[in-house]
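Structure data follow from input_17.pdb (PDB, C-alpha atoms and all ligand atoms):
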```pdb
ATOM      1  CA  MET P   1     -15.882   1.345  17.851  1.00  0.00           C
ATOM      2  CA  ILE P   2     -13.110   1.580  15.313  1.00  0.00           C
ATOM      3  CA  PHE P   3     -13.149  -0.552  12.197  1.00  0.00           C
ATOM      4  CA  THR P   4     -10.277  -1.152   9.856  1.00  0.00           C
ATOM      5  CA  ASN P   5     -11.306  -1.134   6.228  1.00  0.00           C
ATOM      6  CA  PRO P   6      -9.779  -3.502   3.636  1.00  0.00           C
ATOM      7  CA  SER P   7      -7.087  -0.980   2.744  1.00  0.00           C
ATOM      8  CA  GLY P   8      -6.043  -0.837   6.408  1.00  0.00           C
ATOM      9  CA  ALA P   9      -7.436   2.607   7.156  1.00  0.00           C
ATOM     10  CA  PRO P  10      -9.344   3.062  10.391  1.00  0.00           C
ATOM     11  CA  GLU P  11     -13.021   3.963  10.228  1.00  0.00           C
ATOM     12  CA  LEU P  12     -15.207   5.180  13.009  1.00  0.00           C
ATOM     13  CA  ALA P  13     -18.389   3.196  13.505  1.00  0.00           C
ATOM     14  CA  CYS P  14     -21.352   3.443  15.835  1.00  0.00           C
ATOM     15  CA  ASP P  15     -21.185   1.409  19.047  1.00  0.00           C
ATOM     16  CA  GLU P  16     -24.932   0.894  19.042  1.00  0.00           C
ATOM     17  CA  CYS P  17     -25.764  -0.250  15.530  1.00  0.00           C
ATOM     18  CA  GLY P  18     -22.310  -0.730  14.016  1.00  0.00           C
ATOM     19  CA  CYS P  19     -23.018   1.504  11.059  1.00  0.00           C
ATOM     20  CA  ARG P  20     -20.346   3.820   9.753  1.00  0.00           C
ATOM     21  CA  TRP P  21     -22.568   6.764   8.964  1.00  0.00           C
ATOM     22  CA  PHE P  22     -21.193   9.025  11.579  1.00  0.00           C
ATOM     23  CA  ASP P  23     -22.223  12.658  11.612  1.00  0.00           C
ATOM     24  CA  ARG P  24     -19.154  14.720  12.403  1.00  0.00           C
ATOM     25  CA  MET P  25     -21.191  17.885  12.828  1.00  0.00           C
ATOM     26  CA  THR P  26     -23.214  16.588  15.763  1.00  0.00           C
ATOM     27  CA  ASN P  27     -20.963  13.676  16.855  1.00  0.00           C
ATOM     28  CA  ARG P  28     -23.908  11.358  16.372  1.00  0.00           C
ATOM     29  CA  CYS P  29     -24.704   8.258  14.411  1.00  0.00           C
ATOM     30  CA  TYR P  30     -26.867   8.973  11.362  1.00  0.00           C
ATOM     31  CA  GLU P  31     -28.556   5.629  11.636  1.00  0.00           C
ATOM     32  CA  CYS P  32     -29.673   5.399  15.273  1.00  0.00           C
ATOM     33  CA  GLY P  33     -28.783   8.840  16.626  1.00  0.00           C
ATOM     34  CA  ALA P  34     -26.471   7.504  19.337  1.00  0.00           C
ATOM     35  CA  ASP P  35     -23.947   9.982  20.666  1.00  0.00           C
ATOM     36  CA  VAL P  36     -20.321   9.218  19.956  1.00  0.00           C
ATOM     37  CA  PRO P  37     -18.259  10.017  23.059  1.00  0.00           C
ATOM     38  CA  ALA P  38     -15.412  12.466  22.631  1.00  0.00           C
ATOM     39  CA  GLU P  39     -12.902   9.868  23.758  1.00  0.00           C
ATOM     40  CA  HIS P  40     -13.939   7.588  20.901  1.00  0.00           C
ATOM     41  CA  ILE P  41     -13.359  10.423  18.490  1.00  0.00           C
ATOM     42  CA  ALA P  42      -9.967  11.075  20.035  1.00  0.00           C
ATOM     43  CA  GLU P  43      -9.168   7.366  19.776  1.00  0.00           C
ATOM     44  CA  PHE P  44     -10.214   7.352  16.151  1.00  0.00           C
ATOM     45  CA  GLU P  45      -8.139  10.389  15.341  1.00  0.00           C
ATOM     46  CA  GLU P  46      -5.165   8.763  17.036  1.00  0.00           C
ATOM     47  CA  ALA P  47      -5.722   5.627  14.943  1.00  0.00           C
ATOM     48  CA  LEU P  48      -5.881   7.769  11.804  1.00  0.00           C
ATOM     49  CA  ARG P  49      -2.647   9.476  12.733  1.00  0.00           C
ATOM     50  CA  GLN P  50      -0.905   6.178  13.361  1.00  0.00           C
ATOM     51  CA  PHE P  51      -2.203   4.861  10.077  1.00  0.00           C
ATOM     52  CA  ALA P  52      -0.876   7.914   8.261  1.00  0.00           C
ATOM     53  CA  GLU P  53       2.495   7.434   9.932  1.00  0.00           C
ATOM     54  CA  THR P  54       2.780   3.773   8.964  1.00  0.00           C
ATOM     55  CA  ARG P  55       1.869   4.691   5.403  1.00  0.00           C
ATOM     56  CA  ASN P  56       4.458   7.440   5.341  1.00  0.00           C
ATOM     57  CA  THR P  57       7.222   5.162   6.571  1.00  0.00           C
ATOM     58  CA  HIS P  58       6.361   2.699   3.815  1.00  0.00           C
ATOM     59  CA  VAL P  59       6.343   5.325   1.111  1.00  0.00           C
ATOM     60  CA  LYS P  60       8.949   7.826   2.228  1.00  0.00           C
ATOM     61  CA  GLN P  61      12.577   7.617   1.280  1.00  0.00           C
ATOM     62  CA  PRO P  62      15.102   7.835   4.107  1.00  0.00           C
ATOM     63  CA  PRO P  63      15.790  11.480   4.897  1.00  0.00           C
ATOM     64  CA  SER P  64      18.679  12.898   2.944  1.00  0.00           C
ATOM     65  CA  PRO P  65      20.990  15.564   4.378  1.00  0.00           C
ATOM     66  CA  PRO P  66      19.914  19.091   3.468  1.00  0.00           C
ATOM     67  CA  GLU P  67      21.673  20.498   0.481  1.00  0.00           C
ATOM     68  CA  GLY P  68      22.876  24.018  -0.059  1.00  0.00           C
ATOM     69  CA  GLU P  69      21.902  25.150   3.428  1.00  0.00           C
ATOM     70  CA  PRO P  70      24.108  27.868   4.888  1.00  0.00           C
ATOM     71  CA  ASP P  71      26.308  26.724   7.735  1.00  0.00           C
ATOM     72  CA  PRO P  72      25.027  28.440  10.897  1.00  0.00           C
ATOM     73  CA  ARG P  73      28.573  28.883  12.143  1.00  0.00           C
TER      74      ARG P  73
HETATM   75 ZN    ZN P 101     -25.847   3.835  15.176  1.00  0.00          ZN
END
```
Written as C-alpha cells, that's how I'd like the structure from this file.
Amino acid sequence: MIFTNPSGAPELACDECGCRWFDRMTNRCYECGADVPAEHIAEFEEALRQFAETRNTHVKQPPSPPEGEPDPR
C-alpha cells in the first residue's frame, strides 16, 4: 500500500503489517518478511514521480525563452 506522509510525499508500506520498513534490496518487508509485488513498487515509483512533478510546478518559475542561443537558420 502507499501512504502519504504529512509533507505529502508518498511512502511505500507493507500490505501485511502496514509498517514502512521496506527492504529495497530484497523487495520485502523488514517487519514481517512479506514480499512486495513489483507492481506495487512501480505504483509507488509512479506516485513519487507525480509528487516530484507537483512540487516542481509549485516551485518552478514559468520557463523563460532561451537567451543568447544561436539561431538555427
Ligand atoms: Zn510487513
For this session: Take the PyMOL selection byres (((chain P and resi 3-20) around 10) and not hetatm), apply it to the structure above, and return the hits as a PyMOL selection string.
Result: chain P and resi 1-2+21-23+28-37+40-41+43-52+55
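With distances restricted to all atoms listed in the file, P:Asn27 is the closest residue to ligand ZN 101 (chain P) from P:Ala42, P:Asn27, P:Gly68, P:Thr57.
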Using the file's own x, y and z axes, what box holds all listed atoms of range 6-15 of chain P with 4 Å on each side, keeping edges along x, y and z, and what are its centre and edge lengths in Å to one decimal, as JSON?
```
{"center_x": -13.7, "center_y": 0.8, "center_z": 10.9, "size_x": 23.3, "size_y": 16.7, "size_z": 24.3}
```
